[in-house]
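Undergrad: Below is the file my_file.cif, with mmCIF, C-alpha atoms.
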data_run
#
loop_
_atom_site.label_atom_id
_atom_site.label_comp_id
_atom_site.auth_asym_id
_atom_site.auth_seq_id
_atom_site.Cartn_x
_atom_site.Cartn_y
_atom_site.Cartn_z
CA MET D 1 97.71 24.15 142.76
CA ARG D 2 95.71 27.20 143.49
CA GLY D 3 96.34 29.89 141.03
CA ARG D 4 95.84 33.61 141.31
CA LEU D 5 94.45 35.80 138.59
CA ILE D 6 95.98 39.21 138.80
CA ALA D 7 94.47 42.02 136.87
CA ALA D 8 96.43 45.18 136.85
CA SER D 9 96.09 48.47 135.09
CA ALA D 10 98.14 51.58 135.39
CA VAL D 11 97.45 55.13 134.35
CA VAL D 12 100.34 57.45 134.24
CA LEU D 13 99.55 61.13 134.52
CA THR D 14 101.94 63.80 133.48
CA VAL D 15 101.14 67.06 135.15
CA LEU D 16 102.78 70.17 133.86
CA GLY D 17 103.86 72.60 136.51
CA GLY D 18 102.91 76.27 136.58
CA THR D 19 106.12 77.48 135.08
CA ALA D 20 106.09 75.21 132.07
CA ALA D 21 105.32 76.68 128.64
CA TYR D 22 102.15 75.74 126.80
CA GLY D 23 101.02 76.63 123.31
CA ALA D 24 97.82 78.32 122.17
CA TRP D 25 96.81 78.76 118.58
CA SER D 26 97.36 82.13 116.98
CA SER D 27 97.18 83.49 113.49
CA SER D 28 97.98 86.92 112.13
CA ALA D 29 97.74 88.93 108.93
CA ALA D 30 99.35 92.18 107.82
CA LEU D 31 97.37 95.40 108.23
CA ALA D 32 97.56 98.52 106.11
CA ALA D 33 100.24 97.80 103.56
CA GLY D 34 102.94 100.37 104.00
CA GLY D 35 103.41 103.52 101.98
CA ASN D 36 104.79 107.00 102.26
CA ILE D 37 103.20 110.23 103.38
CA ALA D 38 104.49 113.66 102.47
CA SER D 39 103.53 117.05 103.81
CA GLY D 40 103.00 120.10 101.68
CA THR D 41 103.82 123.73 102.08
CA PHE D 42 101.86 126.86 102.82
CA GLY D 43 102.53 130.53 102.89
CA VAL D 44 100.66 133.71 102.06
CA THR D 45 101.73 136.59 99.87
CA ALA D 46 100.43 140.14 99.88
CA THR D 47 101.26 142.45 97.01
CA TRP D 48 99.85 145.64 95.46
CA SER D 49 98.13 144.65 92.26
CA THR D 50 97.41 148.33 91.84
CA PRO D 51 100.17 150.26 93.57
CA LEU D 52 99.22 152.67 96.32
CA ASP D 53 101.01 155.91 95.53
CA THR D 54 101.29 158.27 98.48
CA THR D 55 103.73 160.73 96.98
CA GLY D 56 102.68 164.37 96.79
CA MET D 57 99.54 164.00 98.87
CA TYR D 58 97.86 167.12 100.21
CA PRO D 59 95.53 167.49 103.19
CA GLY D 60 92.13 165.97 102.56
CA GLN D 61 93.28 163.87 99.63
CA THR D 62 92.56 160.16 99.34
CA ARG D 63 94.66 157.77 97.37
CA THR D 64 93.77 154.13 96.62
CA GLY D 65 95.53 150.95 95.78
CA VAL D 66 94.46 147.31 95.43
CA LEU D 67 95.91 144.71 97.75
CA ALA D 68 96.22 141.18 96.35
CA VAL D 69 96.35 138.31 98.79
CA ALA D 70 97.30 134.83 97.62
CA ALA D 71 98.76 131.57 98.88
CA SER D 72 102.40 131.03 98.04
CA ALA D 73 103.52 128.83 95.17
CA GLY D 74 103.27 125.13 95.87
CA THR D 75 100.25 125.43 98.13
CA THR D 76 97.80 122.62 97.54
CA SER D 77 95.39 123.21 100.38
CA ARG D 78 92.52 125.58 100.90
CA TRP D 79 93.14 128.62 103.01
CA VAL D 80 91.67 131.62 104.77
CA TYR D 81 93.18 134.96 105.76
CA THR D 82 92.81 137.90 108.11
CA LEU D 83 93.39 141.56 107.35
CA GLY D 84 94.61 143.76 110.13
CA ALA D 85 94.37 147.48 110.49
CA PRO D 86 96.85 149.33 108.24
CA THR D 87 99.76 151.03 109.95
CA PHE D 88 101.73 154.08 108.87
CA ALA D 89 105.34 155.04 109.22
CA GLY D 90 107.08 158.26 108.27
CA GLY D 91 106.59 161.98 108.66
CA LEU D 92 102.93 161.90 107.64
CA ALA D 93 101.99 158.93 109.79
CA ALA D 94 100.19 160.92 112.46
CA SER D 95 97.88 162.52 109.91
CA MET D 96 96.95 159.41 107.91
CA THR D 97 93.85 157.23 108.05
CA ALA D 98 92.94 154.17 106.01
CA VAL D 99 89.98 152.00 105.16
CA VAL D 100 89.86 148.64 103.46
CA TYR D 101 87.00 147.51 101.24
CA PRO D 102 85.70 143.97 100.69
CA SER D 103 86.79 143.85 97.09
CA ALA D 104 88.92 145.64 94.56
CA THR D 105 86.13 148.18 94.19
CA CYS D 106 86.85 151.27 96.21
CA GLY D 107 83.40 152.03 97.51
CA GLY D 108 80.57 150.77 99.61
CA THR D 109 80.87 149.71 103.20
CA ALA D 110 84.40 149.42 104.47
CA LEU D 111 85.53 146.39 106.44
CA THR D 112 85.74 146.52 110.21
CA LEU D 113 89.32 145.59 110.97
CA PRO D 114 90.68 143.16 111.87
CA TRP D 115 88.59 141.14 109.44
CA THR D 116 88.75 137.42 108.56
CA GLN D 117 87.73 135.95 105.26
CA ALA D 118 85.87 132.84 106.45
CA THR D 119 85.10 131.56 102.97
CA LEU D 120 87.62 128.89 102.05
CA GLN D 121 89.92 130.03 99.31
CA ALA D 122 91.11 127.60 96.70
CA ALA D 123 94.83 126.93 96.65
CA SER D 124 95.34 129.08 93.56
CA ALA D 125 92.88 131.82 94.47
CA THR D 126 93.80 135.51 94.75
CA ALA D 127 91.72 137.85 96.88
CA GLN D 128 91.72 141.61 96.23
CA HIS D 129 90.86 144.51 98.49
CA CYS D 130 90.83 148.22 97.80
CA VAL D 131 92.86 150.16 100.35
CA ALA D 132 92.09 153.86 100.59
CA VAL D 133 94.37 156.14 102.56
CA THR D 134 93.61 159.77 103.40
CA LEU D 135 95.86 162.59 104.56
CA GLY D 136 93.78 164.38 107.14
CA ALA D 137 92.49 167.81 106.25
CA SER D 138 94.00 169.16 109.42
CA ALA D 139 97.49 167.96 108.61
CA PRO D 140 99.85 170.75 109.77
CA SER D 141 102.07 172.68 107.47
CA THR D 142 104.98 170.81 108.89
CA SER D 143 103.68 167.79 107.01
CA GLN D 144 104.88 169.23 103.78
CA GLY D 145 107.63 167.34 102.06
CA LYS D 146 107.16 164.35 104.28
CA THR D 147 106.63 160.76 103.22
CA VAL D 148 104.68 157.82 104.54
CA THR D 149 104.65 154.08 104.06
CA VAL D 150 101.56 152.00 104.52
CA THR D 151 101.60 148.45 105.83
CA VAL D 152 98.58 146.18 105.78
CA PRO D 153 99.11 143.08 107.93
CA VAL D 154 97.82 139.90 106.32
CA THR D 155 97.74 136.55 108.09
CA GLY D 156 97.02 133.39 106.12
CA GLU D 157 96.05 130.04 107.56
CA ASN D 158 95.71 126.78 105.72
CA ARG D 159 92.72 124.54 105.85
CA SER D 160 92.44 120.86 104.90
CA THR D 161 92.97 119.87 101.33
CA THR D 162 89.55 118.25 101.01
CA MET V 163 106.08 1.79 140.16
CA ARG V 164 105.66 2.03 143.86
CA LYS V 165 103.32 4.57 145.35
CA THR V 166 106.13 6.25 147.11
CA THR V 167 107.83 6.97 143.89
CA LYS V 168 104.68 8.39 142.37
CA GLY V 169 104.18 10.72 145.29
CA ALA V 170 107.74 11.88 145.10
CA LEU V 171 107.42 12.66 141.46
CA ALA V 172 104.25 14.63 142.09
CA ILE V 173 105.86 16.67 144.79
CA GLY V 174 108.86 17.34 142.69
CA ALA V 175 106.68 18.61 139.87
CA GLY V 176 104.81 20.84 142.26
CA VAL V 177 108.03 22.25 143.58
CA ALA V 178 109.18 22.92 140.12
CA LEU V 179 106.04 24.85 139.47
CA LEU V 180 106.38 26.96 142.61
CA LEU V 181 109.94 28.06 142.08
CA GLY V 182 110.34 31.81 142.94
CA GLY V 183 111.02 35.03 141.12
CA ALA V 184 114.19 34.09 139.34
CA GLY V 185 112.27 31.62 137.23
CA THR V 186 109.69 32.17 134.45
CA LEU V 187 106.01 32.20 135.45
CA ALA V 188 103.05 31.90 133.16
CA ASN V 189 99.96 33.94 134.12
CA TRP V 190 96.77 34.43 132.33
CA SER V 191 96.65 37.59 130.26
CA ASP V 192 94.38 39.16 127.81
CA SER V 193 94.55 42.39 125.75
CA LYS V 194 92.32 44.62 123.66
CA ASN V 195 93.07 47.63 121.43
CA LEU V 196 92.12 50.90 123.10
CA GLY V 197 90.12 53.31 120.93
CA ALA V 198 90.16 51.03 117.97
CA ASN V 199 88.69 52.50 114.81
CA THR V 200 88.47 55.99 116.39
CA THR V 201 89.49 59.13 114.44
CA ILE V 202 90.62 62.26 116.28
CA SER V 203 90.54 65.57 114.47
CA SER V 204 91.80 69.03 115.36
CA GLY V 205 90.04 72.29 114.65
CA THR V 206 91.06 75.49 112.94
CA LEU V 207 91.86 79.01 114.02
CA THR V 208 92.88 81.40 111.25
CA ILE V 209 92.67 85.03 110.25
CA ALA V 210 93.39 85.92 106.66
CA SER V 211 93.32 89.02 104.52
CA LYS V 212 90.13 89.14 102.44
CA THR V 213 90.33 92.61 100.94
CA GLN V 214 93.34 94.90 101.01
CA GLY V 215 92.35 98.54 100.81
CA THR V 216 94.22 101.53 99.41
CA TRP V 217 95.08 104.80 101.07
CA GLY V 218 92.70 107.65 100.32
CA TRP V 219 91.46 110.95 101.72
CA ALA V 220 89.43 110.36 104.83
CA SER V 221 86.88 112.87 103.55
CA GLY V 222 86.09 110.57 100.65
CA ALA V 223 87.57 112.88 98.04
CA THR V 224 89.45 111.17 95.25
CA GLY V 225 92.92 111.75 93.98
CA PHE V 226 95.15 110.81 96.88
CA ALA V 227 98.46 109.30 95.78
CA PRO V 228 100.81 108.03 98.53
CA GLY V 229 104.11 109.84 98.46
CA THR V 230 102.87 112.32 95.86
CA SER V 231 99.90 114.02 97.46
CA LYS V 232 100.91 116.52 100.09
CA LEU V 233 99.22 116.59 103.46
CA VAL V 234 98.61 119.88 105.24
CA PRO V 235 97.36 120.49 108.78
CA GLY V 236 93.79 119.28 108.99
CA ASP V 237 94.22 116.52 106.39
CA SER V 238 93.46 112.88 107.13
CA ILE V 239 93.96 109.76 105.07
CA LYS V 240 92.66 106.29 105.77
CA ILE V 241 92.76 102.70 104.61
CA THR V 242 90.38 99.83 105.34
CA ASP V 243 91.44 96.20 105.14
CA VAL V 244 88.94 93.37 105.58
CA PHE V 245 89.91 90.12 107.29
CA THR V 246 88.14 86.76 107.47
CA VAL V 247 88.20 84.85 110.75
CA THR V 248 87.66 81.09 110.87
CA ALA V 249 87.22 79.26 114.16
CA LEU V 250 86.50 75.54 114.36
CA GLY V 251 86.57 73.60 117.58
CA ASP V 252 84.17 72.16 120.11
CA HIS V 253 85.64 74.27 122.89
CA LEU V 254 87.43 77.11 121.20
CA THR V 255 87.48 80.76 122.17
CA ALA V 256 89.75 83.32 120.60
CA THR V 257 90.17 87.07 120.37
CA ALA V 258 91.15 89.14 117.36
CA ALA V 259 93.00 92.39 118.02
CA TYR V 260 95.19 94.73 116.02
CA VAL V 261 98.63 96.22 116.23
CA SER V 262 98.63 99.66 114.64
CA PRO V 263 101.08 100.47 111.85
CA THR V 264 104.09 102.51 112.88
CA LEU V 265 105.44 105.70 111.35
CA SER V 266 109.01 106.80 110.82
CA GLY V 267 110.66 109.81 109.27
CA ALA V 268 110.71 113.54 109.82
CA LEU V 269 106.94 113.88 109.50
CA ALA V 270 106.15 111.00 111.86
CA SER V 271 106.17 112.95 115.11
CA SER V 272 103.60 115.40 113.76
CA LEU V 273 101.14 112.73 112.67
CA GLN V 274 98.42 111.02 114.66
CA ILE V 275 97.42 107.44 113.86
CA THR V 276 94.27 105.66 114.98
CA THR V 277 93.09 102.12 114.29
CA ALA V 278 89.61 100.73 114.76
CA LEU V 279 87.73 97.51 114.12
CA GLY V 280 84.49 97.98 112.22
CA THR V 281 81.21 96.10 112.17
CA VAL V 282 81.43 92.33 111.75
CA THR V 283 79.72 91.00 108.60
CA ASN V 284 79.07 87.71 106.81
CA LYS V 285 78.90 85.66 109.99
CA ALA V 286 78.32 81.95 109.40
CA GLY V 287 78.23 79.01 111.79
CA ASN V 288 76.83 78.47 115.24
CA GLY V 289 79.52 80.19 117.27
CA THR V 290 79.25 83.59 118.85
CA VAL V 291 81.03 86.74 117.82
CA THR V 292 81.33 89.47 120.45
CA PRO V 293 82.99 92.80 119.66
CA THR V 294 84.60 94.83 122.42
CA GLY V 295 84.19 98.37 121.18
CA THR V 296 86.49 99.02 118.28
CA THR V 297 89.54 97.34 119.77
CA SER V 298 88.90 93.61 119.61
CA VAL V 299 86.37 90.92 118.80
CA ALA V 300 85.98 87.57 120.51
CA VAL V 301 84.82 84.40 118.76
CA THR V 302 83.57 81.23 120.39
CA SER V 303 83.16 77.94 118.58
CA THR V 304 81.21 75.25 120.38
CA ASP V 305 80.64 72.56 117.82
CA SER V 306 82.20 70.84 114.88
CA ALA V 307 81.01 73.39 112.34
CA ALA V 308 83.27 76.33 111.51
CA THR V 309 82.30 79.80 112.62
CA THR V 310 83.44 82.43 110.15
CA PHE V 311 83.01 86.18 109.82
CA ASP V 312 84.54 89.21 108.19
CA VAL V 313 85.86 92.16 110.17
CA PRO V 314 87.06 95.46 108.65
CA VAL V 315 89.95 97.32 110.22
CA THR V 316 90.45 100.99 109.41
CA VAL V 317 93.67 102.93 109.94
CA THR V 318 93.44 106.73 109.89
CA ILE V 319 96.44 109.05 109.80
CA THR V 320 95.98 112.76 110.51
CA LEU V 321 98.20 115.80 110.33
CA PRO V 322 96.45 117.80 113.06
CA SER V 323 95.35 121.35 112.45
CA THR V 324 97.03 122.23 115.73
CA VAL V 325 100.43 122.03 114.09
CA SER V 326 101.85 125.45 114.79
CA ASN V 327 103.30 128.07 112.51
CA LEU V 328 105.12 126.45 109.60
CA THR V 329 106.36 123.26 111.24
CA ALA V 330 106.29 119.89 109.48
CA GLN V 331 106.31 121.35 106.00
CA THR V 332 107.80 119.42 103.05
CA VAL V 333 108.82 116.37 105.05
CA SER V 334 107.71 112.78 104.80
CA ALA V 335 107.02 109.64 106.80
CA ALA V 336 107.06 105.95 105.97
CA ILE V 337 104.26 103.64 107.09
CA ALA V 338 105.25 100.20 108.37
CA ASP V 339 102.69 97.39 108.30
CA GLY V 340 100.53 96.77 111.31
CA SER V 341 98.88 93.44 111.95
CA VAL V 342 95.70 91.79 113.07
CA THR V 343 96.21 88.75 115.27
CA LEU V 344 93.76 86.06 116.31
CA THR V 345 94.80 84.34 119.53
CA GLN V 346 93.23 81.41 121.32
CA ASN V 347 92.13 82.35 124.83
#
What would you get if you wrote out this structure as structure tokens?

TA:
Amino acid sequence: MRGRLIAASAVVLTVLGGTAAYGAWSSSAALAAGGNIASGTFGVTATWSTPLDTTGMYPGQTRTGVLAVAASAGTTSRWVYTLGAPTFAGGLAASMTAVVYPSATCGGTALTLPWTQATLQAASATAQHCVAVTLGASAPSTSQGKTVTVTVPVTGENRSTT
Amino acid sequence: MRKTTKGALAIGAGVALLLGGAGTLANWSDSKNLGANTTISSGTLTIASKTQGTWGWASGATGFAPGTSKLVPGDSIKITDVFTVTALGDHLTATAAYVSPTLSGALASSLQITTALGTVTNKAGNGTVTPTGTTSVAVTSTDSAATTFDVPVTVTITLPSTVSNLTAQTVSAAIADGSVTLTQN
């Protein structure tokens, strides 16, 4: 009998189609463990540390006061401020002039207004400026018995804490 | 026995041997074990936290306390975490990238957040490490030795100085974790 030797091998291929899911390795770790951030507060106050008294002024007279500029309570940041030109209201307004000095000392070279303090102020700092107001020598007689109020505009602006 | 009988017996035996498919056939066969004594190993792809930073003033000043310190316009805080990447595989490429933390709360909309990968350090192994700017870094492993490196990731949060007037005062925001993910390409 003639026999036959049959050798057979089979390879089965499984081909995944384009829409099938496949896995790729990935690993992750947490970034920047959470916390809380809070914002602060800022405001500016302007008061007369030495009151400016304009009562009973006569033509040619100058009166002075000291303006104190500070950041409001609770401020933790540095800050800067700008002084504007004083304004007047009342019966004497038309005859009044004013100058502002760099410090509480009423003398020397007056500031050119508006003027900005560029030096960073500490949160708790207080800046002082002498304000000198003058009733003009040519104030008319009709100025008698009149009053005036003086307003110095101050604008504060915060800067970064550090 | 007569010859005729002998021939008949021989034919009968042959017929018995040639019976078709319904019967049992014996064929030569042989077998061997495929891949005998062969060990197959898989590689590694991991990213793990090495150093967890703490929030501080971006200027380098000390004294920042989360939730207690008060940010004002112009302030920035930052944190830097360091991660270790390990890649092991003869044909492995992967990319590490970040997902920035998210902010919530009344202060959130006024804050800006930026995230950046820093310079890779402590590289070991024969693979290559290729940063793409500050957004991602690719690693390639081409042999059976692990490629490892450290990568710092810095998150910076700023309350911009452009915040107008007195908005965003005395409010807060919560920071939710971001992540750094290493993904096989």

Undergrad: Mind listing as a list in words which residues of chain D are within 7 Å of chain V, counting only C-alpha atoms?

TA: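 Residues passing the distance filter: Leu5, Ala24, Trp25, Ser26, Ser27, Ser28, Ala29, Ala30, Leu31, Ala32, Ala33, Gly34, Gly35, Asn36, Ile37, Ala38, Ser39, Gly40, Thr41, Ser77, Arg159, Ser160, Thr161 and Thr162 of chain D.
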
Undergrad: Provide the atom CA of V:His253 to atom CA of V:Asn284 distance in Å, to one decimal place.

TA: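 Computed distance, atom CA of V:His253 to atom CA of V:Asn284, equals 22.0 Å.
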
Undergrad: Return as a list in words the set of residues that the PyMOL selection byres ((chain V and resi 297-305) around 7) yields on the displayed structure.

TA: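 With the shown file as input, the PyMOL selection byres ((chain V and resi 297-305) around 7) matches Ala249, Leu250, Gly251, Asp252, His253, Leu254, Thr255, Ala256, Thr257, Ala258, Ala259, Ala278, Leu279, Gly289, Thr290, Val291, Thr292, Pro293, Thr294, Gly295, Thr296, Ser306, Ala307 and Thr309 of chain V.
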
Undergrad: Deliver the residues from the most recent selection as a file, using C-alpha atoms, as a compact mmCIF listing (two decimals), in the coordinates of the input.

TA:
# COMPACT_ATOMS: atom_id res chain seq x y z
CA ALA V 249 87.22 79.26 114.16
CA LEU V 250 86.50 75.54 114.36
CA GLY V 251 86.57 73.60 117.58
CA ASP V 252 84.17 72.16 120.11
CA HIS V 253 85.64 74.27 122.89
CA LEU V 254 87.43 77.11 121.20
CA THR V 255 87.48 80.76 122.17
CA ALA V 256 89.75 83.32 120.60
CA THR V 257 90.17 87.07 120.37
CA ALA V 258 91.15 89.14 117.36
CA ALA V 259 93.00 92.39 118.02
CA ALA V 278 89.61 100.73 114.76
CA LEU V 279 87.73 97.51 114.12
CA GLY V 289 79.52 80.19 117.27
CA THR V 290 79.25 83.59 118.85
CA VAL V 291 81.03 86.74 117.82
CA THR V 292 81.33 89.47 120.45
CA PRO V 293 82.99 92.80 119.66
CA THR V 294 84.60 94.83 122.42
CA GLY V 295 84.19 98.37 121.18
CA THR V 296 86.49 99.02 118.28
CA SER V 306 82.20 70.84 114.88
CA ALA V 307 81.01 73.39 112.34
CA THR V 309 82.30 79.80 112.62

Undergrad: Near stretch 134-151 of chain D, within 10 Å and counting all atoms listed in the file, which residues show up once chain neighbours fewer than 3 positions away are dropped, as a ChimeraX atom specification?

TA: /D:52-64,84-99,131,154

Undergrad: State, in Å with one decimal place, the distance from atom CA of D:Thr76 to atom CA of D:Ala125.

TA: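 Computing the Euclidean distance for atom CA of D:Thr76 and atom CA of D:Ala125 yields 10.9 Å.
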
Undergrad: Any idea what the distance is between atom CA of D:Pro51 and atom CA of D:Thr109?

TA: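 Spanning atom CA of D:Pro51 to atom CA of D:Thr109 is a straight-line distance of 21.6 Å.
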
Undergrad: Carefully work through the PyMOL selection byres ((chain D and resi 155) around 12) for this structure and note down the residues it includes, as a PyMOL selection string.

TA: (chain D and resi 42-46+69-71+79-85+114-117+152-154+156-158) or (chain V and resi 327)

Undergrad: Determine the residue set returned by the PyMOL selection byres ((chain D and resi 105-108) around 10) for the present structure, and present it as a list in words.

TA: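 Evaluating the PyMOL selection byres ((chain D and resi 105-108) around 10) on these coordinates yields Thr64, Gly65, Val66, Val99, Val100, Tyr101, Pro102, Ser103, Ala104, Thr109, Ala110, Leu111, Gln128, His129, Cys130, Val131 and Ala132 of chain D.
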